[in-house]
Every structure is written in structure tokens, then in C-alpha cells.
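Chemist: I'm passing along upload26.tsv; it holds TSV, C-alpha atoms.
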```tsv
chain	number	residue	atom	x	y	z
M	22	MET	CA	9.81	-12.69	-11.06
M	23	ALA	CA	10.46	-9.61	-8.91
M	24	ALA	CA	8.38	-7.09	-6.98
M	25	ASN	CA	9.10	-3.91	-5.07
M	26	PRO	CA	7.42	-3.51	-1.67
M	27	LEU	CA	5.79	-0.25	-0.63
M	28	SER	CA	7.47	1.88	2.01
M	29	MET	CA	5.04	3.80	4.25
M	30	VAL	CA	5.86	6.71	6.55
M	31	ALA	CA	2.91	7.86	8.69
M	32	GLY	CA	2.87	11.08	10.72
M	33	ALA	CA	1.20	10.97	14.15
M	34	PRO	CA	-0.29	13.93	16.09
M	35	ASP	CA	2.61	13.81	18.60
M	36	GLY	CA	5.10	14.37	15.76
M	37	ALA	CA	6.31	10.76	15.65
M	38	GLU	CA	6.86	9.09	12.29
M	39	HIS	CA	5.95	5.43	11.96
M	40	ARG	CA	7.50	3.34	9.17
M	41	ALA	CA	6.45	0.03	7.66
M	42	LEU	CA	6.87	-2.05	4.51
M	43	ALA	CA	4.04	-3.71	2.58
M	44	ILE	CA	4.11	-6.29	-0.18
M	45	ASN	CA	0.36	-6.03	-0.92
M	46	GLU	CA	-1.02	-2.60	-0.07
M	47	VAL	CA	-1.03	0.42	2.19
M	48	SER	CA	-4.49	1.59	3.22
M	49	LEU	CA	-5.92	4.55	5.08
M	50	LEU	CA	-9.18	3.73	6.85
M	51	ARG	CA	-11.63	5.79	8.84
M	52	ALA	CA	-11.15	5.17	12.55
M	53	GLY	CA	-14.47	6.65	13.67
M	54	PRO	CA	-18.11	6.79	12.62
M	55	GLN	CA	-17.65	9.52	9.98
M	56	ALA	CA	-16.07	9.16	6.55
M	57	ALA	CA	-12.46	10.21	6.14
M	58	ARG	CA	-11.53	13.45	4.34
M	59	LEU	CA	-8.25	13.05	2.47
M	60	ARG	CA	-6.12	15.22	0.17
M	61	ILE	CA	-4.11	13.17	-2.32
M	62	SER	CA	-0.82	14.39	-3.81
M	63	VAL	CA	1.33	12.58	-6.35
M	64	ASP	CA	4.97	13.62	-6.74
M	65	GLY	CA	4.40	16.82	-4.74
M	66	ARG	CA	1.40	17.94	-6.82
M	67	VAL	CA	-2.12	17.91	-5.37
M	68	ARG	CA	-4.18	15.62	-7.59
M	69	MET	CA	-7.35	15.46	-5.51
M	70	GLU	CA	-8.16	18.32	-3.15
M	71	GLU	CA	-10.73	16.31	-1.20
M	72	LEU	CA	-11.71	12.64	-1.19
M	73	VAL	CA	-14.53	11.80	1.21
M	74	ALA	CA	-14.66	8.04	1.65
M	75	ASP	CA	-14.26	5.19	4.11
M	76	GLY	CA	-10.61	5.30	3.07
M	77	ALA	CA	-8.19	4.77	0.22
M	78	LEU	CA	-5.54	2.20	-0.60
M	79	LEU	CA	-2.45	1.97	-2.76
M	80	SER	CA	-1.85	-1.52	-4.09
M	81	THR	CA	1.06	-3.30	-5.75
M	82	PRO	CA	0.48	-5.86	-8.51
M	83	ALA	CA	0.90	-8.60	-5.87
M	84	GLY	CA	-1.88	-7.11	-3.74
M	85	SER	CA	-4.19	-5.99	-6.54
M	86	THR	CA	-6.23	-9.23	-6.49
M	87	ALA	CA	-7.07	-8.94	-2.78
M	88	TYR	CA	-8.50	-5.92	-0.94
M	89	ASN	CA	-7.95	-3.65	-3.95
M	90	TYR	CA	-10.05	-5.88	-6.22
M	91	SER	CA	-12.83	-6.31	-3.66
M	92	ALA	CA	-12.98	-2.49	-3.36
M	93	GLY	CA	-13.52	-2.19	-7.12
M	94	GLY	CA	-9.90	-1.57	-8.12
M	95	PRO	CA	-8.15	-3.07	-11.15
M	96	ILE	CA	-6.12	-6.27	-11.25
M	97	LEU	CA	-2.54	-5.34	-12.16
M	98	PRO	CA	-0.31	-7.77	-14.09
M	99	MET	CA	2.58	-9.17	-12.04
M	100	GLY	CA	5.81	-7.54	-13.09
M	101	SER	CA	4.11	-4.34	-14.25
M	102	ASP	CA	5.59	-1.02	-13.11
M	103	VAL	CA	2.32	0.46	-11.87
M	104	LEU	CA	0.35	0.86	-8.63
M	105	ALA	CA	-3.41	1.04	-8.14
M	106	LEU	CA	-4.91	3.89	-6.07
M	107	THR	CA	-8.45	2.90	-5.07
M	108	ALA	CA	-11.09	4.67	-2.96
M	109	LEU	CA	-13.00	2.64	-0.37
M	110	ALA	CA	-16.74	3.41	-0.55
M	111	PRO	CA	-16.25	6.93	-1.99
M	112	PHE	CA	-18.86	9.58	-1.18
M	113	ARG	CA	-17.22	12.52	-2.95
M	114	PRO	CA	-16.36	12.51	-5.80
M	115	ARG	CA	-19.01	9.83	-6.28
M	116	ARG	CA	-17.90	8.36	-9.56
M	117	TRP	CA	-14.16	8.42	-8.99
M	118	ARG	CA	-12.94	4.93	-9.82
M	119	GLY	CA	-9.34	5.36	-8.72
M	120	ALA	CA	-6.10	5.81	-10.64
M	121	ILE	CA	-3.21	3.79	-12.00
M	122	LEU	CA	0.12	5.38	-11.08
M	123	ARG	CA	3.73	4.74	-12.04
M	124	ASN	CA	5.51	2.73	-9.38
M	125	ASP	CA	8.22	5.37	-8.97
M	126	SER	CA	5.61	7.93	-7.84
M	127	VAL	CA	5.57	9.34	-4.32
M	128	ILE	CA	1.99	9.42	-3.01
M	129	ARG	CA	1.01	11.54	-0.01
M	130	MET	CA	-2.38	11.46	1.65
M	131	ASP	CA	-3.18	14.19	4.17
M	132	VAL	CA	-6.06	13.83	6.65
M	133	LEU	CA	-8.08	17.06	6.38
M	134	ASP	CA	-10.09	16.88	9.62
M	135	PRO	CA	-8.17	14.51	11.95
M	136	ARG	CA	-9.97	15.43	15.20
M	137	LYS	CA	-13.50	15.06	13.89
M	138	ARG	CA	-12.73	12.31	11.35
M	139	PRO	CA	-9.80	10.19	12.64
M	140	VAL	CA	-7.95	7.95	10.21
M	141	MET	CA	-5.68	4.94	10.74
M	142	ALA	CA	-3.02	3.61	8.37
M	143	ASP	CA	-2.35	-0.05	7.65
M	144	ALA	CA	0.63	-1.53	5.78
M	145	ASP	CA	0.01	-5.28	5.35
M	146	ALA	CA	-1.45	-5.58	8.88
M	147	LYS	CA	0.99	-3.16	10.56
M	148	GLN	CA	-1.48	-0.66	11.95
M	149	VAL	CA	-0.85	2.97	12.96
M	150	ASP	CA	-3.73	4.69	14.75
M	151	ARG	CA	-4.68	8.35	14.32
M	152	VAL	CA	-2.43	9.54	11.52
M	153	LEU	CA	-2.22	13.10	10.17
M	154	TRP	CA	-0.54	12.15	6.88
M	155	VAL	CA	0.95	9.18	5.09
M	156	GLU	CA	3.65	9.15	2.43
M	157	ILE	CA	4.08	6.04	0.30
M	158	ARG	CA	6.79	5.18	-2.20
M	159	THR	CA	8.07	2.02	-3.79
M	160	GLU	CA	11.07	0.55	-2.03
M	161	PRO	CA	13.99	0.59	-4.52
M	162	ARG	CA	15.16	-2.90	-3.57
M	163	THR	CA	13.22	-5.79	-5.08
M	164	LEU	CA	11.87	-9.02	-3.71
M	165	SER	CA	12.66	-11.98	-5.92
M	166	TYR	CA	10.19	-14.76	-6.51
M	167	ARG	CA	11.43	-18.29	-7.10
M	168	ALA	CA	8.96	-20.98	-8.13
M	169	THR	CA	9.53	-24.64	-7.32
M	170	THR	CA	7.36	-27.62	-8.15
M	171	SER	CA	5.53	-27.51	-4.82
M	172	ARG	CA	5.62	-23.91	-3.57
M	173	LEU	CA	6.26	-20.28	-4.42
M	174	ARG	CA	8.93	-18.68	-2.24
M	175	VAL	CA	9.53	-15.00	-1.68
M	176	THR	CA	12.84	-14.19	-0.05
M	177	LYS	CA	14.88	-10.99	0.10
M	178	ARG	CA	17.21	-9.21	2.47
M	179	TRP	CA	17.37	-5.44	2.79
M	180	LEU	CA	18.17	-2.69	5.26
M	181	ILE	CA	15.14	-1.42	7.12
M	182	PRO	CA	15.18	2.35	7.66
M	183	PRO	CA	15.30	4.49	9.87
M	184	LEU	CA	17.32	2.78	12.58
M	185	ALA	CA	20.38	4.52	14.00
M	186	THR	CA	22.47	1.49	13.13
M	187	PRO	CA	21.32	-0.37	10.03
M	188	ARG	CA	19.98	-3.83	10.74
M	189	LEU	CA	19.65	-6.63	8.23
M	190	ALA	CA	16.22	-8.21	8.05
M	191	THR	CA	14.77	-11.05	6.06
M	192	ILE	CA	11.25	-11.48	4.75
M	193	SER	CA	10.32	-14.98	3.77
M	194	VAL	CA	6.85	-16.04	2.63
M	195	SER	CA	5.86	-19.46	1.35
M	196	LEU	CA	2.58	-20.14	-0.41
M	197	ALA	CA	1.55	-23.73	-1.00
M	198	CYS	CA	0.35	-24.57	-4.52
M	199	SER	CA	-2.23	-27.17	-5.42
M	200	ASN	CA	-1.34	-30.23	-7.51
M	201	ALA	CA	-3.01	-28.59	-10.51
M	202	ASP	CA	-0.43	-25.76	-10.35
M	203	ARG	CA	2.55	-28.10	-10.53
M	204	PRO	CA	4.34	-28.48	-13.87
M	205	ARG	CA	3.53	-31.69	-15.67
M	206	THR	CA	6.28	-33.90	-16.98
M	207	ALA	CA	6.06	-35.63	-20.31
M	208	ALA	CA	5.49	-39.38	-20.10
```
What do you get writing this file as C-alpha cells?

Modeler:
Amino acid sequence: MAANPLSMVAGAPDGAEHRALAINEVSLLRAGPQAARLRISVDGRVRMEELVADGALLSTPAGSTAYNYSAGGPILPMGSDVLALTALAPFRPRRWRGAILRNDSVIRMDVLDPRKRPVMADADAKQVDRVLWVEIRTEPRTLSYRATTSRLRVTKRWLIPPLATPRLATISVSLACSNADRPRTAA
């Protein structure tokens, strides 16, 4: 099985751009007492002029059963070519339940009132404080999943942008499986 991680670029008030990769989700969260005000664009087209909420997250199929699901988002089938965009405690529009987007979409979220309503970005626990905007796209290189009888392994090598000299990095995650998950052999 294969999955594409999300690539996040977050713009800071000082003009710096922070980059991170996420296997599960990228989330924007309010960093103060007031709800965040976000503008959401998909592929360069504004799709929601104003979302007032505690935040929003973009989830991969691998991350759709975690934070996304607890926030009311859909569970996405592994291997599907879609992403889930989910609002966190939305205030306006009240009944917006999120969106399912193609995984080749480029999603941009702009913070509309960053001084009064600060927002932080989080890409699988890599946190960036006080962002002005975040752009998220699916990384073109895939992670390959290899199942064994006792564990699920995720291993892939890729170049991490935007270093002056490309550097090879490895992500390796192992998840232990219970005995019930192991394949049974015929007696």
C-alpha cells in the first residue's frame, strides 16, 4: 500500500517560510482566546471567503481516523486519492461539514485578522506559531507500506526541500499489531 505525505509551507509575519511534511494531517489552530478567521482557496480559487472556527485541518486517508474523525470529519479509505478538509468547532458558516478534495489540489488558508486572532500551524506535531498563511499540497513521492506478520512498517527516502544542498532523509515508523491482526495459517 502507498500514501503521499502532505507538504506544508507556512508564512510568518517576519517573511520567513517554514516547511514541514505530515503523514496524518496539517492543522491550523487558534493561538489566542478568539476564534480564527480563515479564507480557504483551492487551486488558486477562493472557495470560502471566511471560516470562523477554532481552526481547520486537512487530512490524508492515513490521518482521517484520528483528529479529523474526532472533529466530525469523514473516514477516508486507505489508498484513495482524496483529502478531507474539516473545520474545528465552526462558528460561521455554522452547518459547514467540511469538504472532500482531490489529493492533487493545492490548498491555501489565509489568516484574515492575524493580530487580533493569531493562528498556529501544525504538521504532525511540527508546530509553527503565528502564521499569516499556509499552503498545503500532496508530496509527489509516495511512502510505501509493507506488512509483516508482526508489524506494519512505513519506510521511504526522499529529498526534503528547500535546502541549498539537497539532503537525503528517511522516515521510518513501526506500529505493533495485536495477535488478532496476524494472518492465520492453515493447520

Chemist: List the neighbours of range 43-57 of chain M out to 6 Å using all atoms listed in the file; skip same-chain residues closer than 4 positions along the sequence, and give me the result as number ranges by chain.

Modeler: M: 26-27, 73-81, 83-84, 138-145

Chemist: What does the distance from CA of Ser91 in chain M to CA of Thr107 in chain M come to in Å, to one decimal?

Modeler: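 So the answer is 10.3 Å.
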
Chemist: List every protein, DNA or RNA residue that has an atom no more than 10 Å from (-6.4, 16.2, -4.3) in the file's coordinate frame, counting only C-alpha atoms, and report them as a PyMOL selection string.

Modeler: chain M and resi 59-63+66-72+129-131

Chemist: Please report the interatomic distance between CA of Leu42 in chain M and CA of Lys137 in chain M in Å with one decimal.

Modeler: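 Those two atoms sit 28.2 Å apart.
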
Chemist: Show which residues sit within 12 Å of Asp102 in chain M, as number ranges by chain. Count all atoms listed in the file, and ignore same-chain residues fewer than 2 positions away.

Modeler: M: 23-26, 80-83, 97-100, 104-105, 121-126, 159

Chemist: Can you work out the spacing between CA of Glu38 in chain M and CA of Arg158 in chain M in Å, to one decimal?

Modeler: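 Between these atoms lies a distance of 15.0 Å.
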
Chemist: Counting only C-alpha atoms, which of M:Leu109, M:Val103, M:Trp154, M:Ala33 gets nearest to Ser85 in chain M?

Modeler: M:Val103

Chemist: Counting all atoms listed in the file, which residues sit no farther than 6 Å from the position (3.2, 4.6, 2.6) in the file's frame? I'd like them as a list in words.

Modeler: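 Within the cut-off we find Ser28, Met29, Val30, Val47, Val155, Glu156 and Ile157 of chain M.
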
Chemist: Restricting the calculation to only C-alpha atoms, which member of M:Ala41, M:Pro34, M:Arg58, M:Gly94 is positioned closest to Arg113 in chain M?

Modeler: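 Ranking M:Ala41, M:Pro34, M:Arg58, M:Gly94 by distance to Arg113 in chain M, first place goes to M:Arg58.
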
Chemist: Regenerate range 79-90 of chain M at the level of all heavy atoms and dump it as a PDB file, in the coordinates of the input.

Modeler:
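See rebuild.pdb below for the written result:
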```pdb
ATOM      1  N   LEU M  79      -3.415   2.024  -1.668  1.00  0.00           N
ATOM      2  CA  LEU M  79      -2.450   1.970  -2.760  1.00  0.00           C
ATOM      3  C   LEU M  79      -1.941   0.546  -2.809  1.00  0.00           C
ATOM      4  O   LEU M  79      -1.408   0.036  -1.831  1.00  0.00           O
ATOM      5  CB  LEU M  79      -1.303   2.951  -2.523  1.00  0.00           C
ATOM      6  CG  LEU M  79      -0.315   3.071  -3.677  1.00  0.00           C
ATOM      7  CD1 LEU M  79      -0.978   3.764  -4.874  1.00  0.00           C
ATOM      8  CD2 LEU M  79       0.918   3.830  -3.248  1.00  0.00           C
ATOM      9  N   SER M  80      -2.136  -0.094  -3.948  1.00  0.00           N
ATOM     10  CA  SER M  80      -1.850  -1.520  -4.090  1.00  0.00           C
ATOM     11  C   SER M  80      -0.750  -1.794  -5.099  1.00  0.00           C
ATOM     12  O   SER M  80      -0.670  -1.137  -6.130  1.00  0.00           O
ATOM     13  CB  SER M  80      -3.129  -2.233  -4.512  1.00  0.00           C
ATOM     14  OG  SER M  80      -2.879  -3.577  -4.791  1.00  0.00           O
ATOM     15  N   THR M  81       0.069  -2.791  -4.805  1.00  0.00           N
ATOM     16  CA  THR M  81       1.060  -3.300  -5.750  1.00  0.00           C
ATOM     17  C   THR M  81       0.391  -4.333  -6.644  1.00  0.00           C
ATOM     18  O   THR M  81      -0.735  -4.761  -6.361  1.00  0.00           O
ATOM     19  CB  THR M  81       2.220  -3.978  -4.992  1.00  0.00           C
ATOM     20  OG1 THR M  81       1.707  -5.148  -4.341  1.00  0.00           O
ATOM     21  CG2 THR M  81       2.871  -3.049  -3.988  1.00  0.00           C
ATOM     22  N   PRO M  82       1.055  -4.768  -7.704  1.00  0.00           N
ATOM     23  CA  PRO M  82       0.480  -5.860  -8.510  1.00  0.00           C
ATOM     24  C   PRO M  82       0.222  -7.121  -7.677  1.00  0.00           C
ATOM     25  O   PRO M  82      -0.777  -7.801  -7.883  1.00  0.00           O
ATOM     26  CB  PRO M  82       1.545  -6.110  -9.585  1.00  0.00           C
ATOM     27  CG  PRO M  82       2.186  -4.776  -9.770  1.00  0.00           C
ATOM     28  CD  PRO M  82       2.245  -4.200  -8.374  1.00  0.00           C
ATOM     29  N   ALA M  83       1.089  -7.409  -6.711  1.00  0.00           N
ATOM     30  CA  ALA M  83       0.900  -8.600  -5.870  1.00  0.00           C
ATOM     31  C   ALA M  83      -0.351  -8.496  -5.019  1.00  0.00           C
ATOM     32  O   ALA M  83      -1.013  -9.498  -4.743  1.00  0.00           O
ATOM     33  CB  ALA M  83       2.121  -8.810  -4.982  1.00  0.00           C
ATOM     34  N   GLY M  84      -0.713  -7.291  -4.593  1.00  0.00           N
ATOM     35  CA  GLY M  84      -1.880  -7.110  -3.740  1.00  0.00           C
ATOM     36  C   GLY M  84      -3.137  -6.699  -4.484  1.00  0.00           C
ATOM     37  O   GLY M  84      -4.200  -6.553  -3.883  1.00  0.00           O
ATOM     38  N   SER M  85      -3.044  -6.524  -5.796  1.00  0.00           N
ATOM     39  CA  SER M  85      -4.190  -5.990  -6.540  1.00  0.00           C
ATOM     40  C   SER M  85      -5.358  -6.966  -6.635  1.00  0.00           C
ATOM     41  O   SER M  85      -6.479  -6.554  -6.915  1.00  0.00           O
ATOM     42  CB  SER M  85      -3.762  -5.554  -7.942  1.00  0.00           C
ATOM     43  OG  SER M  85      -3.417  -6.669  -8.741  1.00  0.00           O
ATOM     44  N   THR M  86      -5.132  -8.253  -6.398  1.00  0.00           N
ATOM     45  CA  THR M  86      -6.230  -9.230  -6.490  1.00  0.00           C
ATOM     46  C   THR M  86      -6.911  -9.451  -5.142  1.00  0.00           C
ATOM     47  O   THR M  86      -7.818 -10.268  -5.050  1.00  0.00           O
ATOM     48  CB  THR M  86      -5.721 -10.581  -7.010  1.00  0.00           C
ATOM     49  OG1 THR M  86      -4.705 -11.066  -6.129  1.00  0.00           O
ATOM     50  CG2 THR M  86      -5.173 -10.447  -8.416  1.00  0.00           C
ATOM     51  N   ALA M  87      -6.497  -8.748  -4.114  1.00  0.00           N
ATOM     52  CA  ALA M  87      -7.070  -8.940  -2.780  1.00  0.00           C
ATOM     53  C   ALA M  87      -8.009  -7.777  -2.433  1.00  0.00           C
ATOM     54  O   ALA M  87      -9.029  -7.582  -3.082  1.00  0.00           O
ATOM     55  CB  ALA M  87      -5.939  -9.093  -1.773  1.00  0.00           C
ATOM     56  N   TYR M  88      -7.655  -7.006  -1.417  1.00  0.00           N
ATOM     57  CA  TYR M  88      -8.500  -5.920  -0.940  1.00  0.00           C
ATOM     58  C   TYR M  88      -8.786  -4.912  -2.056  1.00  0.00           C
ATOM     59  O   TYR M  88      -9.906  -4.429  -2.211  1.00  0.00           O
ATOM     60  CB  TYR M  88      -7.808  -5.249   0.245  1.00  0.00           C
ATOM     61  CG  TYR M  88      -8.644  -4.303   1.065  1.00  0.00           C
ATOM     62  CD1 TYR M  88     -10.020  -4.233   0.930  1.00  0.00           C
ATOM     63  CD2 TYR M  88      -8.047  -3.495   2.004  1.00  0.00           C
ATOM     64  CE1 TYR M  88     -10.770  -3.358   1.701  1.00  0.00           C
ATOM     65  CE2 TYR M  88      -8.782  -2.622   2.782  1.00  0.00           C
ATOM     66  CZ  TYR M  88     -10.145  -2.559   2.620  1.00  0.00           C
ATOM     67  OH  TYR M  88     -10.879  -1.698   3.380  1.00  0.00           O
ATOM     68  N   ASN M  89      -7.786  -4.583  -2.845  1.00  0.00           N
ATOM     69  CA  ASN M  89      -7.950  -3.650  -3.950  1.00  0.00           C
ATOM     70  C   ASN M  89      -9.070  -4.102  -4.894  1.00  0.00           C
ATOM     71  O   ASN M  89      -9.937  -3.319  -5.265  1.00  0.00           O
ATOM     72  CB  ASN M  89      -6.630  -3.521  -4.703  1.00  0.00           C
ATOM     73  CG  ASN M  89      -6.755  -2.678  -5.947  1.00  0.00           C
ATOM     74  OD1 ASN M  89      -7.011  -1.487  -5.869  1.00  0.00           O
ATOM     75  ND2 ASN M  89      -6.602  -3.303  -7.099  1.00  0.00           N
ATOM     76  N   TYR M  90      -9.048  -5.360  -5.284  1.00  0.00           N
ATOM     77  CA  TYR M  90     -10.050  -5.880  -6.220  1.00  0.00           C
ATOM     78  C   TYR M  90     -11.442  -5.894  -5.586  1.00  0.00           C
ATOM     79  O   TYR M  90     -12.425  -5.522  -6.229  1.00  0.00           O
ATOM     80  CB  TYR M  90      -9.649  -7.283  -6.676  1.00  0.00           C
ATOM     81  CG  TYR M  90     -10.598  -7.884  -7.688  1.00  0.00           C
ATOM     82  CD1 TYR M  90     -10.735  -7.324  -8.953  1.00  0.00           C
ATOM     83  CD2 TYR M  90     -11.353  -9.008  -7.376  1.00  0.00           C
ATOM     84  CE1 TYR M  90     -11.605  -7.866  -9.881  1.00  0.00           C
ATOM     85  CE2 TYR M  90     -12.221  -9.551  -8.300  1.00  0.00           C
ATOM     86  CZ  TYR M  90     -12.347  -8.984  -9.545  1.00  0.00           C
ATOM     87  OH  TYR M  90     -13.207  -9.520 -10.460  1.00  0.00           O
TER      88      TYR M  90
END
```
